[in-house]
file input_38.cif (mmCIF, C-alpha atoms)
data_target
loop_
_atom_site.label_atom_id
_atom_site.label_comp_id
_atom_site.auth_asym_id
_atom_site.auth_seq_id
_atom_site.Cartn_x
_atom_site.Cartn_y
_atom_site.Cartn_z
CA MET A 281 -91.39 58.42 126.19
CA GLU A 282 -90.11 55.25 127.87
CA ASP A 283 -88.73 54.04 124.56
CA ILE A 284 -86.87 57.33 124.08
CA LEU A 285 -85.42 57.08 127.59
CA ARG A 286 -84.38 53.48 126.97
CA LYS A 287 -82.54 54.48 123.80
CA ILE A 288 -80.84 57.42 125.51
CA ARG A 289 -79.66 55.11 128.29
CA ALA A 290 -78.32 52.67 125.69
CA GLY A 291 -76.43 55.49 124.00
CA ILE A 292 -74.93 56.64 127.28
CA LEU A 293 -73.78 53.12 128.14
CA GLU A 294 -72.38 52.63 124.65
CA ASN A 295 -70.38 55.84 124.71
CA PHE A 296 -69.49 55.96 128.41
CA PRO A 297 -68.74 52.38 129.51
CA ASP A 298 -68.03 53.48 133.10
CA ALA A 299 -71.65 54.70 133.32
CA ALA A 300 -72.67 51.06 133.88
CA ALA A 301 -71.83 51.63 137.53
CA VAL A 302 -74.28 54.55 137.79
CA ALA A 303 -78.08 54.39 137.70
CA ILE A 304 -79.20 56.51 134.75
CA THR A 305 -82.59 57.98 135.66
CA PRO A 306 -84.56 60.87 134.09
CA GLU A 307 -83.13 63.08 136.87
CA THR A 308 -79.50 62.19 136.12
CA LYS A 309 -77.60 65.23 134.90
CA LEU A 310 -75.30 64.63 131.93
CA GLY A 311 -72.45 66.10 133.96
CA GLU A 312 -72.87 63.21 136.44
CA ILE A 313 -71.95 60.63 133.80
CA PRO A 314 -68.41 59.34 134.41
CA GLU A 315 -65.93 60.86 131.89
CA TRP A 316 -68.50 63.35 130.62
CA ASP A 317 -66.97 66.46 129.03
CA SER A 318 -67.62 68.72 126.05
CA ILE A 319 -65.64 66.46 123.71
CA ALA A 320 -67.39 63.30 124.85
CA ALA A 321 -70.73 65.12 124.48
CA VAL A 322 -70.22 65.01 120.71
CA ASN A 323 -70.28 61.20 120.81
CA LEU A 324 -73.69 61.30 122.50
CA GLN A 325 -74.86 63.91 119.97
CA THR A 326 -73.75 61.65 117.09
CA TYR A 327 -75.52 58.65 118.62
CA LEU A 328 -78.76 60.56 119.27
CA GLN A 329 -78.87 62.05 115.78
CA GLU A 330 -78.36 58.61 114.27
CA THR A 331 -81.00 57.08 116.53
CA PHE A 332 -83.70 59.74 116.30
CA PRO A 333 -84.61 61.85 113.24
CA VAL A 334 -83.81 65.02 115.19
CA ARG A 335 -81.02 67.59 115.15
CA ILE A 336 -79.59 67.81 118.66
CA PRO A 337 -77.75 71.10 119.25
CA LEU A 338 -74.55 70.71 121.23
CA ASP A 339 -75.57 73.47 123.60
CA LEU A 340 -78.42 71.24 124.75
CA LEU A 341 -75.87 68.68 125.94
CA THR A 342 -74.52 70.58 128.93
CA ASP A 343 -73.46 69.34 132.37
CA GLU A 344 -76.77 70.59 133.80
CA THR A 345 -79.10 68.95 131.27
CA ALA A 346 -81.07 66.09 132.80
CA VAL A 347 -81.65 62.88 130.84
CA GLY A 348 -85.40 63.48 131.20
CA GLU A 349 -85.11 66.97 129.65
CA LEU A 350 -83.26 65.48 126.73
CA ALA A 351 -86.00 62.87 126.27
CA THR A 352 -88.66 65.59 126.38
CA PHE A 353 -86.81 67.60 123.72
CA ILE A 354 -86.62 64.56 121.45
CA LYS A 355 -90.29 63.65 122.07
CA LYS A 356 -91.45 67.16 121.11
CA ARG A 357 -89.38 67.15 117.92
CA THR A 358 -90.53 63.70 116.87
CA ALA A 359 -94.21 64.17 117.77
CA MET B 67 -15.97 58.57 123.71
CA LYS B 68 -18.53 57.92 120.99
CA SER B 69 -21.58 60.04 120.29
CA ALA B 70 -24.77 59.20 118.41
CA VAL B 71 -24.73 61.84 115.68
CA ILE B 72 -27.64 62.54 113.36
CA ARG B 73 -26.47 61.82 109.81
CA ALA B 74 -29.84 62.46 108.13
CA THR B 75 -33.57 62.64 108.71
CA GLY B 76 -36.58 61.84 106.53
CA SER B 77 -40.34 61.72 106.75
CA HIS B 78 -43.34 60.51 104.85
CA LEU B 79 -46.91 61.70 105.12
CA PRO B 80 -49.64 59.91 103.15
CA ALA B 81 -50.98 61.91 100.19
CA ARG B 82 -54.62 61.87 101.34
CA ALA B 83 -55.41 64.99 103.38
CA VAL B 84 -58.63 64.89 105.40
CA ALA B 85 -59.82 68.32 106.52
CA ASN B 86 -62.03 68.88 109.55
CA GLU B 87 -64.93 69.70 107.22
CA ASP B 88 -64.56 66.26 105.66
CA LEU B 89 -65.41 64.51 108.94
CA GLU B 90 -69.11 64.46 108.15
CA GLN B 91 -69.88 61.82 110.78
CA PHE B 92 -69.73 64.72 113.27
CA SER B 93 -72.02 67.75 113.41
CA PRO B 94 -70.78 71.06 111.89
CA GLU B 95 -70.52 72.63 115.36
CA ALA B 96 -68.44 69.66 116.54
CA ARG B 97 -66.13 69.97 113.52
CA GLU B 98 -65.47 73.60 114.47
CA MET B 99 -64.45 72.49 117.95
CA ILE B 100 -61.57 70.40 116.58
CA PHE B 101 -59.49 73.44 115.64
CA GLN B 102 -60.58 75.47 118.65
CA LYS B 103 -59.63 72.73 121.12
CA THR B 104 -56.42 71.44 119.52
CA GLY B 105 -55.25 73.52 116.56
CA VAL B 106 -55.80 70.62 114.12
CA ARG B 107 -57.20 71.71 110.74
CA SER B 108 -56.35 68.63 108.73
CA ARG B 109 -54.65 65.27 109.00
CA ARG B 110 -53.15 62.77 106.57
CA GLN B 111 -54.58 59.28 106.33
CA ALA B 112 -53.05 56.16 104.87
CA ALA B 113 -54.76 54.49 101.91
CA PRO B 114 -56.84 51.38 102.73
CA GLU B 115 -54.07 49.06 101.58
CA GLU B 116 -51.24 50.98 103.32
CA CYS B 117 -49.94 49.86 106.69
CA THR B 118 -47.48 51.20 109.24
CA SER B 119 -44.39 49.56 107.71
CA ASP B 120 -45.25 51.03 104.29
CA LEU B 121 -45.09 54.57 105.70
CA ALA B 122 -41.99 53.68 107.70
CA LEU B 123 -40.27 52.33 104.59
CA LEU B 124 -40.84 55.54 102.62
CA ALA B 125 -39.57 57.73 105.48
CA ALA B 126 -36.56 55.43 105.88
CA ARG B 127 -35.71 55.53 102.17
CA THR B 128 -35.92 59.34 102.11
CA CYS B 129 -33.62 59.49 105.13
CA LEU B 130 -31.03 57.09 103.70
CA ASP B 131 -31.12 58.81 100.29
CA LYS B 132 -30.37 62.17 101.93
CA ALA B 133 -27.33 60.65 103.62
CA GLY B 134 -26.29 58.65 100.56
CA PHE B 135 -26.16 55.69 102.93
CA PRO B 136 -26.69 52.17 101.52
CA ALA B 137 -29.35 50.23 103.44
CA VAL B 138 -27.17 47.13 103.34
CA GLU B 139 -24.69 48.86 105.65
CA LEU B 140 -27.25 49.44 108.40
CA ASP B 141 -26.49 47.70 111.69
CA GLY B 142 -29.94 48.17 113.17
CA VAL B 143 -33.50 49.22 112.33
CA VAL B 144 -35.74 50.20 115.24
CA VAL B 145 -39.36 51.18 114.68
CA ALA B 146 -41.21 53.11 117.37
CA THR B 147 -44.89 52.39 116.88
CA SER B 148 -48.06 51.90 118.87
CA SER B 149 -50.09 50.98 115.77
CA PRO B 150 -48.04 48.08 114.40
CA ASP B 151 -48.76 46.16 111.22
CA ARG B 152 -49.66 43.11 113.26
CA MET B 153 -49.42 41.86 116.85
CA GLN B 154 -46.30 40.05 115.67
CA PRO B 155 -43.73 39.92 114.22
CA ALA B 156 -42.18 43.34 114.76
CA THR B 157 -43.11 45.95 112.14
CA ALA B 158 -39.39 46.77 111.95
CA THR B 159 -38.64 43.39 110.37
CA ARG B 160 -40.79 44.18 107.33
CA VAL B 161 -39.10 47.58 107.04
CA GLN B 162 -35.67 45.92 107.29
CA HIS B 163 -36.56 43.39 104.59
CA ASN B 164 -38.10 45.89 102.18
CA LEU B 165 -35.19 48.29 102.66
CA GLY B 166 -32.72 45.55 101.86
CA ALA B 167 -30.94 46.08 105.19
CA ARG B 168 -29.77 42.45 105.22
CA ARG B 169 -27.13 42.85 107.96
CA ALA B 170 -29.34 44.74 110.38
CA PHE B 171 -31.14 43.55 113.49
CA ALA B 172 -34.69 44.88 113.64
CA PHE B 173 -37.22 45.29 116.42
CA ASP B 174 -40.03 47.56 117.60
CA ILE B 175 -40.42 49.66 120.69
CA ASN B 176 -43.84 50.68 121.94
CA SER B 177 -43.90 53.63 124.25
CA VAL B 178 -46.96 55.08 122.50
CA CYS B 179 -46.47 58.82 121.83
CA SER B 180 -43.14 58.79 123.69
CA GLY B 181 -41.70 56.21 121.30
CA SER B 182 -39.63 58.81 119.47
CA THR B 183 -37.79 60.21 122.50
CA PHE B 184 -37.38 56.77 124.08
CA GLY B 185 -36.09 55.55 120.70
CA ILE B 186 -33.52 58.35 120.52
CA ALA B 187 -32.29 57.44 124.01
CA LEU B 188 -32.06 53.79 122.99
CA ALA B 189 -30.18 54.57 119.76
CA ASP B 190 -27.75 56.72 121.74
CA ALA B 191 -27.14 53.93 124.26
CA PHE B 192 -26.56 51.30 121.53
CA LEU B 193 -24.07 53.47 119.67
CA ARG B 194 -22.19 54.61 122.77
CA ALA B 195 -21.92 50.99 123.94
CA GLY B 196 -20.51 49.88 120.60
CA GLN B 197 -23.48 47.61 120.00
CA ALA B 198 -23.84 49.20 116.56
CA GLU B 199 -21.96 51.72 114.44
CA ASN B 200 -25.16 53.07 112.93
CA LEU B 201 -28.85 52.73 113.57
CA LEU B 202 -31.97 53.78 111.74
CA LEU B 203 -34.78 54.90 114.07
CA VAL B 204 -38.21 55.22 112.49
CA GLY B 205 -41.39 56.44 114.19
CA SER B 206 -44.41 55.32 112.21
CA GLU B 207 -48.10 55.35 113.04
CA VAL B 208 -51.42 54.69 111.31
CA TYR B 209 -53.93 55.75 113.94
CA SER B 210 -56.68 56.14 111.35
CA LYS B 211 -56.97 52.33 111.53
CA ILE B 212 -56.91 51.89 115.31
CA THR B 213 -59.27 54.75 116.24
CA ASN B 214 -63.06 54.51 115.99
CA PRO B 215 -64.23 56.83 113.18
CA LYS B 216 -67.25 57.73 115.33
CA ASP B 217 -65.25 58.56 118.47
CA PHE B 218 -64.92 62.32 118.63
CA ALA B 219 -62.57 62.00 121.62
CA SER B 220 -59.86 60.43 119.45
CA TYR B 221 -60.46 60.09 115.70
CA PRO B 222 -60.39 63.78 114.66
CA PHE B 223 -57.22 64.55 116.57
CA PHE B 224 -54.92 61.89 115.11
CA GLY B 225 -53.18 61.51 111.78
CA ASP B 226 -50.89 59.03 110.04
CA GLY B 227 -47.24 59.55 109.21
CA ALA B 228 -43.65 58.46 109.67
CA GLY B 229 -40.34 60.09 110.51
CA ALA B 230 -36.85 58.59 110.35
CA VAL B 231 -33.41 59.42 111.74
CA LEU B 232 -30.11 57.83 110.79
CA PHE B 233 -27.69 57.86 113.74
CA ALA B 234 -23.98 57.13 113.34
CA ALA B 235 -21.36 56.65 116.05
CA GLU B 236 -18.68 59.33 115.89
CA SER B 237 -15.72 60.07 118.15
CA GLY B 238 -14.15 63.44 118.94
CA THR B 239 -17.22 65.54 118.20
CA ASP B 240 -19.42 67.82 120.28
CA ARG B 241 -22.42 66.89 118.11
CA GLY B 242 -24.95 64.16 118.79
CA VAL B 243 -27.35 63.13 121.55
CA LEU B 244 -26.01 64.83 124.69
CA ARG B 245 -28.48 63.65 127.27
CA SER B 246 -31.84 61.91 127.62
CA CYS B 247 -34.44 61.67 130.37
CA MET B 248 -37.27 59.17 130.42
CA GLN B 249 -40.01 58.42 132.91
CA SER B 250 -43.12 56.26 133.16
CA ASP B 251 -46.13 55.85 135.45
CA GLY B 252 -47.88 52.56 134.80
CA GLY B 253 -50.44 53.40 137.48
CA LEU B 254 -52.08 55.67 134.91
CA SER B 255 -52.16 53.13 132.09
CA GLU B 256 -55.95 53.33 131.67
CA MET B 257 -55.75 56.99 130.63
CA ILE B 258 -54.57 56.06 127.13
CA CYS B 259 -55.05 52.52 125.91
CA VAL B 260 -56.45 50.00 123.47
CA PRO B 261 -58.39 47.87 125.97
CA GLY B 262 -59.12 44.79 123.86
CA GLY B 263 -57.30 42.47 121.50
CA GLY B 264 -54.36 41.64 123.76
CA THR B 265 -53.96 38.95 126.38
CA MET B 266 -55.69 41.00 129.08
CA LEU B 267 -58.91 41.14 127.06
CA PRO B 268 -58.73 38.68 124.16
CA PHE B 269 -61.14 39.08 121.26
CA GLU B 270 -63.41 36.24 122.43
CA ARG B 271 -63.97 37.99 125.78
CA MET B 272 -64.69 41.45 124.38
CA ASP B 273 -68.21 42.82 124.98
CA SER B 274 -68.04 44.97 121.87
CA PRO B 275 -65.72 45.40 118.89
CA ARG B 276 -65.31 49.00 120.12
CA GLN B 277 -62.97 47.67 122.81
CA ALA B 278 -60.36 46.99 120.12
CA TYR B 279 -60.16 50.70 119.38
CA PHE B 280 -57.78 53.22 120.91
CA ARG B 281 -59.27 55.39 123.65
CA MET B 282 -58.02 58.35 125.59
CA LYS B 283 -59.22 60.44 128.52
CA GLY B 284 -58.39 63.72 126.85
CA VAL B 285 -58.94 66.13 129.76
CA ASP B 286 -56.72 64.07 132.07
CA VAL B 287 -54.06 63.66 129.38
CA PHE B 288 -53.99 67.41 128.79
CA GLY B 289 -53.29 68.02 132.48
CA PHE B 290 -50.59 65.34 132.52
CA ALA B 291 -48.84 66.79 129.45
CA VAL B 292 -48.75 70.39 130.64
CA GLU B 293 -47.33 69.23 133.98
CA LYS B 294 -44.81 66.61 132.84
CA GLY B 295 -43.66 68.28 129.60
CA PRO B 296 -42.00 71.31 131.22
CA GLU B 297 -40.89 69.21 134.21
CA ILE B 298 -38.85 66.77 132.14
CA ILE B 299 -37.37 69.52 129.95
CA ARG B 300 -36.24 71.36 133.09
CA ARG B 301 -34.71 68.18 134.48
CA LEU B 302 -32.95 67.42 131.19
CA LEU B 303 -31.51 70.91 130.84
CA ALA B 304 -30.51 71.13 134.50
CA GLU B 305 -28.63 67.84 134.23
CA ALA B 306 -26.90 69.14 131.08
CA GLY B 307 -26.24 72.61 132.50
CA VAL B 308 -28.12 74.36 129.69
CA ALA B 309 -30.62 77.23 130.07
CA PRO B 310 -33.99 76.87 128.31
CA ARG B 311 -33.34 80.00 126.23
CA ASP B 312 -30.03 78.57 124.95
CA VAL B 313 -31.95 75.92 123.04
CA ALA B 314 -32.46 76.90 119.39
CA GLY B 315 -35.45 74.70 118.74
CA TYR B 316 -37.95 72.62 120.69
CA LEU B 317 -39.40 69.66 118.84
CA CYS B 318 -42.41 68.84 120.93
CA HIS B 319 -44.89 66.01 120.51
CA GLN B 320 -47.66 67.49 118.38
CA ALA B 321 -50.66 66.54 120.51
CA ASN B 322 -52.38 69.87 120.98
CA ILE B 323 -51.32 73.45 120.19
CA ASN B 324 -52.53 74.54 123.62
CA ILE B 325 -50.19 72.04 125.30
CA ILE B 326 -47.26 73.40 123.26
CA ARG B 327 -48.17 76.98 124.22
CA LYS B 328 -48.42 76.11 127.89
CA ILE B 329 -45.06 74.33 127.85
CA ALA B 330 -43.41 77.34 126.15
CA ALA B 331 -44.96 79.71 128.69
CA SER B 332 -43.95 77.52 131.61
CA LEU B 333 -40.32 77.54 130.43
CA ASP B 334 -40.46 81.26 129.57
CA VAL B 335 -39.26 80.44 126.07
CA PRO B 336 -40.67 82.26 123.00
CA GLU B 337 -43.35 80.16 121.32
CA GLU B 338 -41.55 80.60 117.99
CA ARG B 339 -38.80 78.26 119.24
CA PHE B 340 -41.36 75.44 119.27
CA PHE B 341 -41.77 73.87 115.85
CA VAL B 342 -45.44 73.33 115.00
CA ASN B 343 -47.08 71.27 112.28
CA ILE B 344 -50.09 69.93 114.19
CA HIS B 345 -52.50 72.10 112.18
CA GLU B 346 -51.60 70.14 109.05
CA TYR B 347 -50.95 66.61 110.35
CA GLY B 348 -52.77 66.24 113.67
CA ASN B 349 -51.27 64.03 116.34
CA THR B 350 -49.09 61.37 114.70
CA ALA B 351 -48.30 59.75 118.06
CA GLY B 352 -44.85 58.11 118.18
CA ALA B 353 -43.94 59.60 114.79
CA SER B 354 -44.66 63.25 115.53
CA VAL B 355 -41.32 64.31 117.03
CA LEU B 356 -39.31 62.64 114.26
CA ILE B 357 -41.49 64.21 111.55
CA ALA B 358 -41.05 67.60 113.27
CA LEU B 359 -37.29 67.05 113.49
CA ASP B 360 -37.08 66.33 109.77
CA GLU B 361 -39.27 69.30 108.81
CA ALA B 362 -37.42 71.66 111.15
CA ARG B 363 -34.10 70.66 109.57
CA THR B 364 -35.48 70.78 106.02
CA THR B 365 -37.04 74.22 106.44
CA GLY B 366 -33.97 75.63 108.21
CA ALA B 367 -35.84 76.24 111.47
CA VAL B 368 -32.85 74.49 113.06
CA GLY B 369 -29.45 73.85 111.54
CA PRO B 370 -26.00 72.34 112.04
CA GLY B 371 -24.51 73.10 115.46
CA ASP B 372 -27.86 74.07 117.00
CA LEU B 373 -28.95 72.69 120.34
CA VAL B 374 -32.41 71.16 120.10
CA VAL B 375 -34.69 69.51 122.62
CA THR B 376 -37.08 66.74 121.66
CA VAL B 377 -39.90 66.08 124.10
CA SER B 378 -42.86 63.75 124.10
CA PHE B 379 -45.53 62.38 126.42
CA GLY B 380 -48.22 59.78 126.03
CA GLY B 381 -49.57 56.35 126.85
CA GLY B 382 -48.04 54.35 129.61
CA LEU B 383 -48.14 56.95 130.86
CA SER B 384 -44.67 57.82 129.67
CA TRP B 385 -42.72 60.96 128.95
CA GLY B 386 -39.21 61.69 127.74
CA ALA B 387 -36.86 64.32 126.37
CA ASN B 388 -33.51 64.44 124.61
CA LEU B 389 -30.93 67.18 124.23
CA ILE B 390 -29.20 66.97 120.85
CA ARG B 391 -26.57 69.09 119.13
CA LEU B 392 -27.23 68.87 115.39
#
call {"tool": "encode", "arguments": {"input": "input_38.cif", "output": "structure tokens"}}
result
Amino acid sequence: MEDILRKIRAGILENFPDAAAVAITPETKLGEIPEWDSIAAVNLQTYLQETFPVRIPLDLLTDETAVGELATFIKKRTA
Amino acid sequence: MKSAVIRATGSHLPARAVANEDLEQFSPEAREMIFQKTGVRSRRQAAPEECTSDLALLAARTCLDKAGFPAVELDGVVVATSSPDRMQPATATRVQHNLGARRAFAFDINSVCSGSTFGIALADAFLRAGQAENLLLVGSEVYSKITNPKDFASYPFFGDGAGAVLFAAESGTDRGVLRSCMQSDGGLSEMICVPGGGTMLPFERMDSPRQAYFRMKGVDVFGFAVEKGPEIIRRLLAEAGVAPRDVAGYLCHQANINIIRKIAASLDVPEERFFVNIHEYGNTAGASVLIALDEARTTGAVGPGDLVVTVSFGGGLSWGANLIRL
């Protein structure tokens, strides 16, 4: 799980450079990431699908989704 | 009193059309969003060996051929581009050389997506001042090579292309560029930029090659465009004493169909007066207004004697508009 979280954090920092100023924890909501919007969400989707062998639906990547929930979704699909 | 009259226009779009469905680096649901959010169905992309001056040259040749105007008689060649061939020299110099415009001065202007309207204002000023008797203005962009193919916030929305206008100084006519308005707000420069590769962030200090790519804060830019687009058109028309409905055609920067609709609604002008080709070409940045001008004239959407407004907005931030009688 920690490895999944680490990779998600790396993807957020890669796609949202201003997120470096924010602590990304499992409780962080995607909508709290600086410059997060529905268009930018696609960049995170692309990164996650390249990083994990999992299809990530866009409707999972909402403002209210927490980073920890995303990690749990990926863990279940890759288990 | 001299006026800068449009003698001819031309455009060139690369042959390769890339449809939304072809952008397989993005998920199918994301590809559907492209049209929903912006109206873009397809865009043209330059071949790997083609650069900005190559597209500019073809648009320029088409323009000069339509006018039957020999390149050697050109006084000036100005290229509006924010995706130049190289950091230096000016892209316009390669266009000038390849055209055979041996007498002409040549330089670039970079006002990002506003390059076309700023370029029209500049051409008008040069011709009115007697600095030149004619001037070829070309807007040319190859954003497919300065945007990150994996960045959904930019890559799907842009396309490559070039538009050209030949201006000639004429006296005793009511045709030509009647008025221009331009404005900039450098305090918002981070909203649209290529952060790395210049002197502010040289290559050796970049954290990632991604910093050499174009980036845009789309939501903020949308808000800026729907506010400043109508505002500068109103200012332009008020200064000229023309009512918005007296304008036959609006040639608006093709950034997003929803921006164009909001500008039309704000001015209470029928949407049909706004020429649209974004669905086919995407956002061609500083070239879009000149491509639209050429297509509007070619298709008969606007014709001789018509009043037209050109309007653009983009990086800088910058925004501008011109009132022209064709």
call {"tool": "closest_atom_pairs", "arguments": {"input": "input_38.cif", "of": "chain A", "to": "chain B", "cutoff": "8 Å", "atoms": "all atoms listed in the file", "output": "tab-separated table"}}
result
residue	atom	partner	partner_atom	distance
A:Glu315	CA	B:Lys283	CA	7.5
A:Ile319	CA	B:Ala219	CA	5.8
A:Ala320	CA	B:Ala219	CA	5.9
A:Val322	CA	B:Phe218	CA	6.3
A:Asn323	CA	B:Phe218	CA	5.9
A:Thr326	CA	B:Phe92	CA	6.3
A:Leu338	CA	B:Glu95	CA	7.4
call {"tool": "atom_distance", "arguments": {"input": "input_38.cif", "atom1": "atom CA of B:Leu392", "atom2": "atom CA of B:Val231"}}
result
11.9 Å
call {"tool": "residues_near_point", "arguments": {"input": "input_38.cif", "point": "(-79.9, 64.0, 136.0)", "cutoff": "10 Å", "atoms": "only C-alpha atoms", "output": "list in words"}}
result
Ala303, Ile304, Thr305, Pro306, Glu307, Thr308, Lys309, Leu310, Gly311, Glu312, Ile313, Asp343, Glu344, Thr345, Ala346, Val347, Gly348, Glu349 and Leu350 of chain A
call {"tool": "atom_distance", "arguments": {"input": "input_38.cif", "atom1": "atom CA of B:Leu140", "atom2": "atom CA of B:Glu115"}}
result
27.7 Å
call {"tool": "resolve_selection", "arguments": {"input": "input_38.cif", "expression": "the PyMOL selection byres ((chain B and resi 324-326) around 8)", "output": "PyMOL selection string"}}
result
chain B and resi 103-105+288+291-292+318+320-323+327-330+340
call {"tool": "resolve_selection", "arguments": {"input": "input_38.cif", "expression": "the PyMOL selection byres ((chain B and resi 333) around 9)", "output": "list in words"}}
result
Pro296, Ile299, Arg300, Pro310, Arg311, Lys328, Ile329, Ala330, Ala331, Ser332, Asp334, Val335 and Pro336 of chain B
call {"tool": "resolve_selection", "arguments": {"input": "input_38.cif", "expression": "the PyMOL selection byres ((chain B and resi 193-208) around 7)", "output": "ChimeraX atom specification"}}
result
/B:68-70,112,117-118,121-122,126,140-149,182,185,189-192,209-211,226-235,350-353,356
